[in-house]
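J.: File model_34.csv below, CSV, C-alpha atoms:
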```
chain,number,residue,atom,x,y,z
O,1,MET,CA,66.1,136.1,71.3
O,2,PHE,CA,62.9,136.3,69.3
O,3,GLU,CA,62.8,132.6,68.9
O,4,GLU,CA,63.2,132.0,72.6
O,5,ILE,CA,60.3,134.3,73.4
O,6,ARG,CA,58.2,132.6,70.7
O,7,GLN,CA,59.0,129.2,72.3
O,8,ALA,CA,58.2,130.5,75.8
O,9,VAL,CA,54.9,131.9,74.6
O,10,PHE,CA,53.9,128.7,72.9
O,11,GLU,CA,54.9,126.5,75.8
O,12,GLY,CA,53.0,128.8,78.1
O,13,ALA,CA,49.9,128.6,75.9
O,14,VAL,CA,50.0,124.8,75.8
O,15,ALA,CA,50.3,124.7,79.6
O,16,GLY,CA,47.3,127.1,79.9
O,17,LEU,CA,45.3,125.0,77.4
O,18,GLY,CA,45.8,121.9,79.6
O,19,LEU,CA,44.6,123.8,82.7
O,20,GLY,CA,41.6,125.1,80.6
O,21,ALA,CA,40.7,121.7,79.5
O,22,LYS,CA,40.7,120.4,83.1
O,23,HIS,CA,38.5,123.4,84.1
O,24,VAL,CA,36.0,122.6,81.3
O,25,ALA,CA,35.9,118.9,82.3
O,26,GLU,CA,35.2,119.9,85.9
O,27,LEU,CA,32.3,122.1,84.8
O,28,ALA,CA,31.0,119.4,82.6
O,29,ARG,CA,31.0,117.0,85.5
O,30,GLN,CA,28.9,119.4,87.5
O,31,LYS,CA,26.5,119.8,84.7
O,32,ALA,CA,26.2,116.2,83.7
O,33,PRO,CA,22.7,114.8,84.3
O,34,VAL,CA,22.3,112.3,87.2
O,35,ARG,CA,19.6,109.7,87.3
O,36,ARG,CA,17.7,109.2,90.5
O,37,ILE,CA,19.1,105.8,91.6
O,38,PHE,CA,18.8,106.4,95.3
O,39,ALA,CA,15.7,107.6,97.0
O,40,ASP,CA,15.8,111.0,98.8
O,41,GLY,CA,19.3,112.0,98.0
O,42,GLY,CA,22.5,110.1,98.4
O,43,TYR,CA,24.3,112.2,95.8
O,44,ASN,CA,26.5,114.1,98.3
O,45,ILE,CA,29.2,111.5,98.0
O,46,ARG,CA,31.5,112.5,95.1
O,47,PHE,CA,34.2,110.1,94.0
O,48,LYS,CA,37.4,111.5,92.7
O,49,SER,CA,37.8,110.9,88.9
O,50,ILE,CA,40.7,109.0,87.4
O,51,ASP,CA,41.8,112.3,86.0
O,52,GLU,CA,42.0,113.9,89.4
O,53,ILE,CA,43.7,110.9,91.0
O,54,MET,CA,46.3,110.7,88.3
O,55,GLY,CA,46.8,114.5,88.5
O,56,ASP,CA,47.7,114.2,92.2
O,57,ARG,CA,49.9,111.2,91.7
O,58,SER,CA,53.2,112.9,91.0
O,59,ILE,CA,52.8,115.3,94.0
O,60,ARG,CA,51.9,112.3,96.3
O,61,ALA,CA,55.0,110.4,94.9
O,62,GLN,CA,57.2,113.3,95.9
O,63,LEU,CA,55.8,113.1,99.4
O,64,GLY,CA,56.4,109.3,99.4
O,65,LEU,CA,52.7,108.4,99.2
O,66,GLY,CA,51.2,105.8,96.9
O,67,PRO,CA,48.3,106.5,94.6
O,68,GLU,CA,45.2,107.8,96.3
O,69,ARG,CA,42.2,105.4,96.9
O,70,SER,CA,39.2,106.5,95.0
O,71,ARG,CA,36.6,107.1,97.7
O,72,GLY,CA,34.5,109.8,99.3
O,73,PRO,CA,34.9,111.4,102.7
O,74,TYR,CA,34.6,109.1,105.7
O,75,ARG,CA,31.2,108.9,107.4
O,76,ALA,CA,29.8,106.7,110.1
O,77,ARG,CA,28.9,103.3,108.7
O,78,THR,CA,25.2,102.7,108.2
O,79,THR,CA,23.3,99.6,107.5
O,80,PHE,CA,21.0,98.9,104.6
O,81,GLY,CA,17.7,100.4,105.5
O,82,ARG,CA,15.3,103.2,104.6
O,83,HIS,CA,17.7,106.0,104.2
O,84,PRO,CA,19.8,107.0,101.2
O,85,PRO,CA,23.4,105.9,101.3
O,86,VAL,CA,25.7,108.2,103.3
O,87,HIS,CA,28.8,105.9,103.3
O,88,TRP,CA,31.0,105.3,100.3
O,89,ARG,CA,30.8,101.5,100.9
O,90,GLU,CA,27.1,101.6,100.0
O,91,ARG,CA,27.9,103.1,96.6
O,92,ARG,CA,30.2,100.3,95.6
O,93,MET,CA,29.0,97.5,93.3
O,94,SER,CA,29.9,95.1,96.1
O,95,ALA,CA,27.0,96.5,98.0
O,96,ALA,CA,24.6,96.1,95.1
O,97,GLN,CA,23.4,92.7,96.2
O,98,GLY,CA,22.4,94.1,99.7
O,99,LEU,CA,20.7,97.1,98.1
O,100,LEU,CA,18.7,94.9,95.8
O,101,GLU,CA,17.7,92.4,98.5
O,102,ASN,CA,16.5,95.4,100.7
O,103,TYR,CA,14.5,96.7,97.8
O,104,ASP,CA,13.0,93.3,96.8
O,105,ALA,CA,12.0,92.5,100.4
O,106,GLU,CA,10.2,95.8,100.7
O,107,MET,CA,8.4,95.2,97.4
O,108,VAL,CA,7.2,91.7,98.6
O,109,ARG,CA,6.0,93.2,102.0
O,110,ARG,CA,4.0,95.9,100.1
O,111,LYS,CA,1.9,93.1,98.6
O,112,ASP,CA,0.5,92.3,102.1
O,113,PRO,CA,-2.9,94.0,102.6
O,114,GLY,CA,-2.7,96.7,105.3
O,115,TYR,CA,1.0,97.1,105.1
O,116,LEU,CA,2.2,100.7,105.3
O,117,PRO,CA,5.0,101.2,102.7
O,118,GLU,CA,8.4,102.1,104.0
O,119,LYS,CA,11.1,103.8,102.1
O,120,THR,CA,13.7,101.9,100.2
O,121,MET,CA,17.3,103.0,99.5
O,122,LEU,CA,16.9,102.5,95.7
O,123,THR,CA,14.2,104.0,93.6
O,124,SER,CA,12.4,101.6,91.2
O,125,ARG,CA,14.4,103.1,88.4
O,126,GLY,CA,17.6,102.6,90.5
O,127,ALA,CA,16.8,99.0,91.2
O,128,TYR,CA,16.4,98.4,87.4
O,129,GLU,CA,19.7,100.2,86.7
O,130,VAL,CA,21.6,98.3,89.4
O,131,ARG,CA,20.2,95.0,88.4
O,132,SER,CA,21.0,95.5,84.7
O,133,GLU,CA,24.4,97.0,85.7
O,134,ARG,CA,23.6,100.1,83.7
O,135,ALA,CA,24.5,102.3,86.6
O,136,VAL,CA,28.0,101.0,87.0
O,137,ALA,CA,30.8,103.5,87.0
O,138,SER,CA,34.3,102.3,87.1
O,139,SER,CA,36.7,104.5,89.0
O,140,PHE,CA,40.4,104.1,89.6
O,141,GLN,CA,40.2,100.9,91.7
O,142,HIS,CA,36.5,100.2,92.2
O,143,ARG,CA,33.2,99.8,90.5
O,144,ASN,CA,30.6,102.2,91.9
O,145,ILE,CA,26.9,102.5,91.6
O,146,GLY,CA,25.8,105.7,89.9
O,147,GLY,CA,27.7,108.6,88.4
O,148,ARG,CA,28.6,106.7,85.2
O,149,LEU,CA,28.3,109.6,82.9
O,150,ARG,CA,29.9,112.0,85.3
O,151,GLY,CA,32.8,109.6,85.9
O,152,SER,CA,33.4,109.1,82.2
O,153,ILE,CA,34.2,112.8,81.6
O,154,SER,CA,37.9,113.4,81.3
O,155,SER,CA,40.3,115.9,79.7
O,156,SER,CA,43.3,114.9,77.6
O,157,PRO,CA,46.6,116.6,78.1
O,158,PRO,CA,47.3,119.0,75.2
O,159,SER,CA,48.8,117.4,72.1
O,160,VAL,CA,51.1,119.5,70.0
O,161,SER,CA,51.6,119.2,66.2
O,162,GLY,CA,53.7,121.9,64.7
O,163,SER,CA,52.4,125.3,65.8
O,164,ARG,CA,49.0,123.9,66.7
O,165,ALA,CA,48.0,122.6,70.1
O,166,GLU,CA,44.7,121.0,71.1
O,167,ALA,CA,43.2,119.4,74.2
O,168,TRP,CA,40.0,117.3,74.2
O,169,VAL,CA,37.3,117.0,76.9
O,170,THR,CA,35.4,113.8,76.3
O,171,ALA,CA,32.6,111.7,77.8
O,172,SER,CA,33.2,108.1,77.1
O,173,ALA,CA,29.9,106.7,78.4
O,174,PRO,CA,28.1,105.1,75.4
O,175,TYR,CA,24.9,107.1,76.0
O,176,ALA,CA,26.7,110.5,76.5
O,177,LYS,CA,25.9,111.4,72.9
O,178,TYR,CA,22.2,110.9,73.4
O,179,MET,CA,22.3,113.0,76.6
O,180,GLU,CA,24.1,115.8,74.8
O,181,PHE,CA,22.1,115.9,71.6
O,182,GLY,CA,18.7,114.3,72.6
O,183,THR,CA,16.8,111.6,70.8
O,184,ARG,CA,13.3,111.0,69.5
O,185,HIS,CA,12.2,109.9,73.0
O,186,ASN,CA,14.2,112.2,75.3
O,187,ALA,CA,15.0,115.8,75.3
O,188,ALA,CA,18.7,116.7,75.2
O,189,HIS,CA,20.5,117.4,78.5
O,190,PRO,CA,23.6,119.1,77.1
O,191,PHE,CA,26.5,119.2,79.5
O,192,LEU,CA,29.7,119.4,77.4
O,193,ARG,CA,28.9,122.4,75.2
O,194,PRO,CA,27.4,124.5,78.0
O,195,ALA,CA,30.6,123.8,80.1
O,196,ALA,CA,32.8,124.8,77.2
O,197,GLU,CA,30.8,128.0,76.6
O,198,GLU,CA,30.8,128.9,80.2
O,199,ALA,CA,34.5,128.3,80.6
O,200,ARG,CA,35.5,130.2,77.5
O,201,SER,CA,36.6,133.4,79.2
O,202,ASP,CA,38.3,131.4,82.1
O,203,VAL,CA,40.2,129.3,79.5
O,204,VAL,CA,41.4,132.5,77.7
O,205,ARG,CA,42.5,134.0,81.1
O,206,GLN,CA,44.3,130.8,82.1
O,207,VAL,CA,46.2,130.6,78.8
O,208,ALA,CA,47.1,134.3,79.1
O,209,GLU,CA,48.3,133.9,82.6
O,210,ALA,CA,50.4,130.8,81.7
O,211,VAL,CA,51.9,132.6,78.7
O,212,ASN,CA,52.8,135.7,80.9
O,213,GLN,CA,54.3,133.4,83.5
O,214,ALA,CA,56.4,131.6,80.9
O,215,ILE,CA,57.7,134.9,79.4
O,216,LYS,CA,58.6,136.3,82.9
O,217,SER,CA,60.6,133.2,83.7
O,218,GLY,CA,62.3,133.1,80.3
O,219,THR,CA,63.1,136.7,79.6
O,220,THR,CA,63.0,140.2,81.0
O,221,ALA,CA,61.1,141.5,78.0
O,222,GLU,CA,57.7,143.1,78.7
O,223,ILE,CA,55.1,141.9,76.3
O,224,GLU,CA,51.3,142.3,76.5
O,225,ILE,CA,49.5,139.4,74.9
O,226,VAL,CA,45.8,139.1,74.1
O,227,VAL,CA,44.5,135.5,73.6
O,228,ARG,CA,41.4,134.8,71.6
O,229,ILE,CA,39.6,131.5,71.2
S,1,MET,CA,15.5,149.0,81.6
S,2,VAL,CA,14.5,145.4,82.3
S,3,ALA,CA,16.8,142.8,80.8
S,4,THR,CA,15.1,140.2,78.6
S,5,THR,CA,16.0,136.6,78.8
S,6,THR,CA,16.5,133.9,76.1
S,7,ALA,CA,12.8,133.4,75.5
S,8,PRO,CA,12.6,136.1,72.8
S,9,ILE,CA,15.6,134.5,71.1
S,10,LYS,CA,13.8,131.1,70.9
S,11,ARG,CA,10.7,132.9,69.7
S,12,ALA,CA,12.7,134.6,67.0
S,13,VAL,CA,14.1,131.3,65.8
S,14,VAL,CA,10.6,129.8,65.5
S,15,GLN,CA,9.4,132.9,63.7
S,16,ALA,CA,12.3,132.7,61.2
S,17,LEU,CA,11.5,129.0,60.6
S,18,ARG,CA,7.8,129.7,60.1
S,19,ALA,CA,8.6,132.5,57.7
S,20,SER,CA,9.9,130.0,55.2
S,21,PRO,CA,6.8,128.7,53.2
S,22,SER,CA,8.7,125.8,51.7
S,23,LEU,CA,9.9,124.7,55.2
S,24,VAL,CA,6.4,125.0,56.7
S,25,SER,CA,4.9,122.9,53.9
S,26,ALA,CA,7.6,120.2,54.3
S,27,ILE,CA,7.1,119.5,58.0
S,28,ALA,CA,3.9,117.7,58.7
S,29,GLY,CA,4.5,117.4,62.4
S,30,GLY,CA,5.3,121.0,63.3
S,31,ILE,CA,8.0,122.6,65.4
S,32,HIS,CA,8.6,121.5,69.0
S,33,GLU,CA,10.8,122.5,71.9
S,34,GLY,CA,12.9,119.8,73.6
S,35,VAL,CA,11.0,116.7,72.6
S,36,ALA,CA,8.0,116.1,70.4
S,37,PRO,CA,4.9,114.3,71.7
S,38,ARG,CA,4.7,110.6,70.9
S,39,LYS,CA,2.0,110.6,68.2
S,40,VAL,CA,3.3,113.5,66.1
S,41,LYS,CA,3.6,112.8,62.4
S,42,TYR,CA,7.0,112.7,60.6
S,43,PRO,CA,8.8,114.9,59.6
S,44,PHE,CA,9.0,117.5,62.4
S,45,ILE,CA,11.5,119.9,63.9
S,46,VAL,CA,12.8,120.0,67.4
S,47,TYR,CA,14.8,122.9,68.8
S,48,GLN,CA,16.6,123.3,72.2
S,49,LEU,CA,18.6,125.9,73.8
S,50,VAL,CA,22.0,124.4,74.6
S,51,ALA,CA,23.8,127.3,76.4
S,52,ALA,CA,23.4,131.0,76.7
S,53,PRO,CA,26.2,132.6,78.8
S,54,ARG,CA,26.0,136.3,79.3
S,55,GLU,CA,29.0,138.4,78.4
S,56,TYR,CA,28.8,141.7,80.3
S,57,GLN,CA,30.2,144.9,79.0
S,58,TRP,CA,30.1,148.5,80.3
S,59,ASP,CA,26.8,149.5,78.8
S,60,GLY,CA,24.9,146.1,78.7
S,61,PHE,CA,25.5,142.5,77.9
S,62,GLN,CA,25.5,140.0,75.1
S,63,TYR,CA,23.9,136.6,75.0
S,64,HIS,CA,26.2,134.1,73.2
S,65,SER,CA,23.5,131.5,72.8
S,66,MET,CA,23.6,128.1,71.1
S,67,ILE,CA,20.5,126.4,69.8
S,68,ASP,CA,20.3,122.9,68.4
S,69,VAL,CA,17.7,122.6,65.6
S,70,SER,CA,17.1,119.1,64.4
S,71,THR,CA,14.7,117.4,62.1
S,72,TYR,CA,13.3,113.9,62.5
S,73,ALA,CA,12.0,112.2,59.4
S,74,ALA,CA,11.1,108.7,58.3
S,75,ASN,CA,13.7,108.7,55.5
S,76,PRO,CA,17.2,110.3,55.3
S,77,VAL,CA,16.4,112.2,52.1
S,78,ASP,CA,13.6,114.1,53.7
S,79,ALA,CA,15.7,114.7,56.8
S,80,ASN,CA,18.6,116.2,54.9
S,81,ASN,CA,16.3,118.3,52.6
S,82,ILE,CA,14.5,119.8,55.6
S,83,ASP,CA,17.8,120.4,57.3
S,84,ALA,CA,19.0,122.3,54.3
S,85,LEU,CA,15.8,124.4,54.4
S,86,ILE,CA,16.4,125.1,58.1
S,87,SER,CA,19.9,126.1,57.3
S,88,ALA,CA,18.7,128.4,54.6
S,89,ALA,CA,16.2,130.0,56.9
S,90,LEU,CA,18.6,130.5,59.9
S,91,ASP,CA,22.1,130.7,58.7
S,92,GLU,CA,23.2,134.4,58.5
S,93,ALA,CA,19.6,135.4,59.2
S,94,ALA,CA,18.6,138.8,60.6
S,95,LEU,CA,16.5,137.6,63.5
S,96,ASN,CA,13.9,139.9,65.0
S,97,VAL,CA,14.6,139.4,68.8
S,98,ASN,CA,12.3,141.5,71.0
S,99,GLY,CA,14.3,143.9,73.2
S,100,GLN,CA,17.6,142.7,71.8
S,101,THR,CA,19.8,143.5,68.8
S,102,THR,CA,20.9,140.5,66.8
S,103,LEU,CA,24.6,140.5,66.1
S,104,LEU,CA,24.8,137.2,64.3
S,105,CYS,CA,23.0,134.0,63.7
S,106,ARG,CA,25.2,131.4,62.2
S,107,ARG,CA,25.3,127.6,61.8
S,108,VAL,CA,28.4,126.5,63.6
S,109,ASN,CA,28.3,122.7,63.3
S,110,ASP,CA,26.3,119.7,62.2
S,111,LEU,CA,25.0,117.4,64.9
S,112,PRO,CA,26.7,114.0,64.9
S,113,THR,CA,23.3,112.1,65.1
S,114,GLY,CA,22.1,109.3,62.9
S,115,PRO,CA,19.3,106.7,62.5
S,116,ASP,CA,17.2,105.8,65.5
S,117,VAL,CA,14.2,103.7,66.2
S,118,ASP,CA,11.0,105.2,67.5
S,119,SER,CA,8.5,103.8,70.0
S,120,GLU,CA,6.6,102.0,67.2
S,121,GLY,CA,9.7,100.3,66.0
S,122,LYS,CA,10.0,102.5,62.9
S,123,ARG,CA,13.4,103.6,61.7
S,124,ILE,CA,13.8,107.4,61.8
S,125,TYR,CA,16.5,109.8,60.9
S,126,GLN,CA,17.7,112.8,63.0
S,127,VAL,CA,19.7,115.4,61.1
S,128,GLY,CA,20.4,118.9,62.4
S,129,GLY,CA,22.8,121.6,63.3
S,130,THR,CA,23.9,124.0,66.1
S,131,TYR,CA,23.2,127.7,65.5
S,132,SER,CA,25.2,130.3,67.4
S,133,ILE,CA,23.1,133.4,68.0
S,134,TRP,CA,24.7,136.5,69.5
S,135,THR,CA,22.4,139.3,70.7
S,136,ASP,CA,23.1,142.5,72.4
S,137,GLN,CA,21.0,144.5,74.9
S,138,PRO,CA,21.6,147.7,76.9
S,139,LEU,CA,21.2,147.7,80.6
```
I'd like the structure from this file rewritten - as structure tokens, please.
T.:
Amino acid sequence: MFEEIRQAVFEGAVAGLGLGAKHVAELARQKAPVRRIFADGGYNIRFKSIDEIMGDRSIRAQLGLGPERSRGPYRARTTFGRHPPVHWRERRMSAAQGLLENYDAEMVRRKDPGYLPEKTMLTSRGAYEVRSERAVASSFQHRNIGGRLRGSISSSPPSVSGSRAEAWVTASAPYAKYMEFGTRHNAAHPFLRPAAEEARSDVVRQVAEAVNQAIKSGTTAEIEIVVRI
Amino acid sequence: MVATTTAPIKRAVVQALRASPSLVSAIAGGIHEGVAPRKVKYPFIVYQLVAAPREYQWDGFQYHSMIDVSTYAANPVDANNIDALISAALDEAALNVNGQTTLLCRRVNDLPTGPDVDSEGKRIYQVGGTYSIWTDQPL
């Protein structure tokens, strides 16, 4: 009896830990710094991460649906012009050539005396980042412009070894470390550690809820559990 | 009572660093928040607030703040020596935080940073740690 309860508690804690790690990853994505690639906005399109798409996969399979396509909400199609991108197609790497041509043409026109500058979709930093492919973020099926750091944040499912379970939240972009800890040239823009600190109490609550749920489904015993991290 | 922010915590950290004569004499470039100006001499110290979530209780709240303190030096020996002096000044220190009671100030981990190249092409070394500072204040 005691062993059953112990097992239920542990399994519940592991499940709660997995949920907690996903919560931390989501918060870290919100806190991750974003470079100004597009002029005047264009950040309202949020692509689903691989983590989220893979998470929904089993539910979609039960409903007879295939894996979800990684794209933002549908908006009316716009042409390359003076406005920030509002359509997911304009955030794809396949649109990069069009964006760069638009930017370069405007830069050439600006050399004419008396020409009144017009807005471009890319900022000068953005044009550099797109040209050098620094701003490329690979999502489930596509290569997108921008959101590389944000897209690289993911949480691992909890791994169990003996009576110890751990889950990792990682940012795999090569410059994530410099963003988190700063360099000689740039101040730090921490996003992983603040997310973990902010989510601490939520993670504890999620683990406690999952443990209580596991106990209720496994036994009729009434146990109060306090979880500390 | 008006609640104070994290500014007194950062001030207390700088005060604790400046209270160590050996540390002050070891850093030629001073102490900076966030990022040091370009022409500053090595070695110097940079600190930055990482996170400071508030934990509310019945009678007040606690700040569970984390501060990164790193040193930049032209050679790894200097960087590590200064980091040891910073750790001696801050680890388990009783910080004097204005309007708040310090519950703990502890080094919780070392920063996984290493050699870098500055704007003049010089090789520099960044060594530091994260300090967890818990303070309490009544509402």
J.: Quote the spacing between CA of Ile215 in chain O and CA of Arg6 in chain O in Å to one decimal place.
T.: 9.0 Å
J.: Kindly determine which residues of chain S lie within 7 Å of chain O, considering all atoms listed in the file, and give the answer as a VMD selection string.
T.: chain S and resid 34 to 35 50 to 51 53 118
J.: For Gln126 in chain S, work out the shell of residues within 10 Å, counting all atoms listed in the file and skipping chain neighbours fewer than 5 positions away, then give it as a ChimeraX atom specification.
T.: /O:182-184 /S:43-46,70-76,79-80,83,111-116
J.: Take the selection from the previous step and output its residues with C-alpha atoms, as a PDB file, in the frame of the given file.
T.:
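And here is the file that came out, again22.pdb:
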```
ATOM      1  CA  GLY O 182      18.700 114.300  72.600  1.00  0.00           C
ATOM      2  CA  THR O 183      16.800 111.600  70.800  1.00  0.00           C
ATOM      3  CA  ARG O 184      13.300 111.000  69.500  1.00  0.00           C
TER       4      ARG O 184
ATOM      5  CA  PRO S  43       8.800 114.900  59.600  1.00  0.00           C
ATOM      6  CA  PHE S  44       9.000 117.500  62.400  1.00  0.00           C
ATOM      7  CA  ILE S  45      11.500 119.900  63.900  1.00  0.00           C
ATOM      8  CA  VAL S  46      12.800 120.000  67.400  1.00  0.00           C
ATOM      9  CA  SER S  70      17.100 119.100  64.400  1.00  0.00           C
ATOM     10  CA  THR S  71      14.700 117.400  62.100  1.00  0.00           C
ATOM     11  CA  TYR S  72      13.300 113.900  62.500  1.00  0.00           C
ATOM     12  CA  ALA S  73      12.000 112.200  59.400  1.00  0.00           C
ATOM     13  CA  ALA S  74      11.100 108.700  58.300  1.00  0.00           C
ATOM     14  CA  ASN S  75      13.700 108.700  55.500  1.00  0.00           C
ATOM     15  CA  PRO S  76      17.200 110.300  55.300  1.00  0.00           C
ATOM     16  CA  ALA S  79      15.700 114.700  56.800  1.00  0.00           C
ATOM     17  CA  ASN S  80      18.600 116.200  54.900  1.00  0.00           C
ATOM     18  CA  ASP S  83      17.800 120.400  57.300  1.00  0.00           C
ATOM     19  CA  LEU S 111      25.000 117.400  64.900  1.00  0.00           C
ATOM     20  CA  PRO S 112      26.700 114.000  64.900  1.00  0.00           C
ATOM     21  CA  THR S 113      23.300 112.100  65.100  1.00  0.00           C
ATOM     22  CA  GLY S 114      22.100 109.300  62.900  1.00  0.00           C
ATOM     23  CA  PRO S 115      19.300 106.700  62.500  1.00  0.00           C
ATOM     24  CA  ASP S 116      17.200 105.800  65.500  1.00  0.00           C
TER      25      ASP S 116
END
```
J.: Might you pull out every residue within 10 Å of Gly99 in chain S, with all atoms listed in the file counted and same-chain residues fewer than 3 positions away left off, and present them as a count of residues only?
T.: 13
J.: When you draw a straight line from CA of Ala39 in chain O to CA of Arg109 in chain O, how long is it in Å?
T.: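 One can read the CA of Ala39 in chain O to CA of Arg109 in chain O distance as 18.1 Å.
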J.: Just the residues within 9 Å of range 29-34 of chain O, please, counting all atoms listed in the file, with nothing from its chain fewer than 3 positions along; format it as a ChimeraX atom specification.
T.: /O:24-26,37,43,146-154,179,189-192,194-195
J.: What gap, in Å, lies between CA of Gly126 in chain O and CA of Asp51 in chain O?
T.: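 Between CA of Gly126 in chain O and CA of Asp51 in chain O the gap is 26.5 Å.
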J.: Missing atoms in range 119-139 of chain O should be modelled up to N, CA and C atoms and reported as a PDB file, in the coordinates of the input.
T.:
```
ATOM      1  N   LYS O 119      10.200 103.379 103.115  1.00  0.00           N
ATOM      2  CA  LYS O 119      11.100 103.800 102.100  1.00  0.00           C
ATOM      3  C   LYS O 119      12.163 102.790 101.757  1.00  0.00           C
ATOM      4  N   THR O 120      12.630 102.789 100.530  1.00  0.00           N
ATOM      5  CA  THR O 120      13.700 101.900 100.200  1.00  0.00           C
ATOM      6  C   THR O 120      14.922 102.804  99.790  1.00  0.00           C
ATOM      7  N   MET O 121      16.130 102.236  99.826  1.00  0.00           N
ATOM      8  CA  MET O 121      17.300 103.000  99.500  1.00  0.00           C
ATOM      9  C   MET O 121      17.324 103.295  97.967  1.00  0.00           C
ATOM     10  N   LEU O 122      16.903 102.303  97.190  1.00  0.00           N
ATOM     11  CA  LEU O 122      16.900 102.500  95.700  1.00  0.00           C
ATOM     12  C   LEU O 122      15.511 102.903  95.269  1.00  0.00           C
ATOM     13  N   THR O 123      15.460 103.691  94.225  1.00  0.00           N
ATOM     14  CA  THR O 123      14.200 104.000  93.600  1.00  0.00           C
ATOM     15  C   THR O 123      13.899 102.777  92.650  1.00  0.00           C
ATOM     16  N   SER O 124      12.681 102.706  92.094  1.00  0.00           N
ATOM     17  CA  SER O 124      12.400 101.600  91.200  1.00  0.00           C
ATOM     18  C   SER O 124      13.294 101.649  89.971  1.00  0.00           C
ATOM     19  N   ARG O 125      13.537 102.865  89.495  1.00  0.00           N
ATOM     20  CA  ARG O 125      14.400 103.100  88.400  1.00  0.00           C
ATOM     21  C   ARG O 125      15.860 102.614  88.767  1.00  0.00           C
ATOM     22  N   GLY O 126      16.233 102.983  90.000  1.00  0.00           N
ATOM     23  CA  GLY O 126      17.600 102.600  90.500  1.00  0.00           C
ATOM     24  C   GLY O 126      17.739 101.131  90.589  1.00  0.00           C
ATOM     25  N   ALA O 127      16.687 100.430  91.059  1.00  0.00           N
ATOM     26  CA  ALA O 127      16.800  99.000  91.200  1.00  0.00           C
ATOM     27  C   ALA O 127      16.997  98.352  89.792  1.00  0.00           C
ATOM     28  N   TYR O 128      16.274  98.868  88.802  1.00  0.00           N
ATOM     29  CA  TYR O 128      16.400  98.400  87.400  1.00  0.00           C
ATOM     30  C   TYR O 128      17.857  98.639  86.928  1.00  0.00           C
ATOM     31  N   GLU O 129      18.333  99.834  87.209  1.00  0.00           N
ATOM     32  CA  GLU O 129      19.700 100.200  86.700  1.00  0.00           C
ATOM     33  C   GLU O 129      20.770  99.401  87.379  1.00  0.00           C
ATOM     34  N   VAL O 130      20.600  99.121  88.680  1.00  0.00           N
ATOM     35  CA  VAL O 130      21.600  98.300  89.400  1.00  0.00           C
ATOM     36  C   VAL O 130      21.566  96.889  88.936  1.00  0.00           C
ATOM     37  N   ARG O 131      20.332  96.362  88.786  1.00  0.00           N
ATOM     38  CA  ARG O 131      20.200  95.000  88.400  1.00  0.00           C
ATOM     39  C   ARG O 131      20.777  94.725  86.992  1.00  0.00           C
ATOM     40  N   SER O 132      20.545  95.670  86.089  1.00  0.00           N
ATOM     41  CA  SER O 132      21.000  95.500  84.700  1.00  0.00           C
ATOM     42  C   SER O 132      22.472  96.014  84.559  1.00  0.00           C
ATOM     43  N   GLU O 133      23.059  96.477  85.661  1.00  0.00           N
ATOM     44  CA  GLU O 133      24.400  97.000  85.700  1.00  0.00           C
ATOM     45  C   GLU O 133      24.592  98.208  84.757  1.00  0.00           C
ATOM     46  N   ARG O 134      23.485  98.909  84.479  1.00  0.00           N
ATOM     47  CA  ARG O 134      23.600 100.100  83.700  1.00  0.00           C
ATOM     48  C   ARG O 134      24.216 101.258  84.447  1.00  0.00           C
ATOM     49  N   ALA O 135      24.037 101.202  85.758  1.00  0.00           N
ATOM     50  CA  ALA O 135      24.500 102.300  86.600  1.00  0.00           C
ATOM     51  C   ALA O 135      25.891 102.166  87.099  1.00  0.00           C
ATOM     52  N   VAL O 136      26.635 101.231  86.501  1.00  0.00           N
ATOM     53  CA  VAL O 136      28.000 101.000  87.000  1.00  0.00           C
ATOM     54  C   VAL O 136      28.976 101.983  86.499  1.00  0.00           C
ATOM     55  N   ALA O 137      29.714 102.579  87.394  1.00  0.00           N
ATOM     56  CA  ALA O 137      30.800 103.500  87.000  1.00  0.00           C
ATOM     57  C   ALA O 137      32.084 102.946  87.543  1.00  0.00           C
ATOM     58  N   SER O 138      33.059 102.767  86.659  1.00  0.00           N
ATOM     59  CA  SER O 138      34.300 102.300  87.100  1.00  0.00           C
ATOM     60  C   SER O 138      35.220 103.462  87.483  1.00  0.00           C
ATOM     61  N   SER O 139      35.724 103.461  88.692  1.00  0.00           N
ATOM     62  CA  SER O 139      36.700 104.500  89.000  1.00  0.00           C
ATOM     63  C   SER O 139      38.056 103.873  89.078  1.00  0.00           C
TER      64      SER O 139
END
```
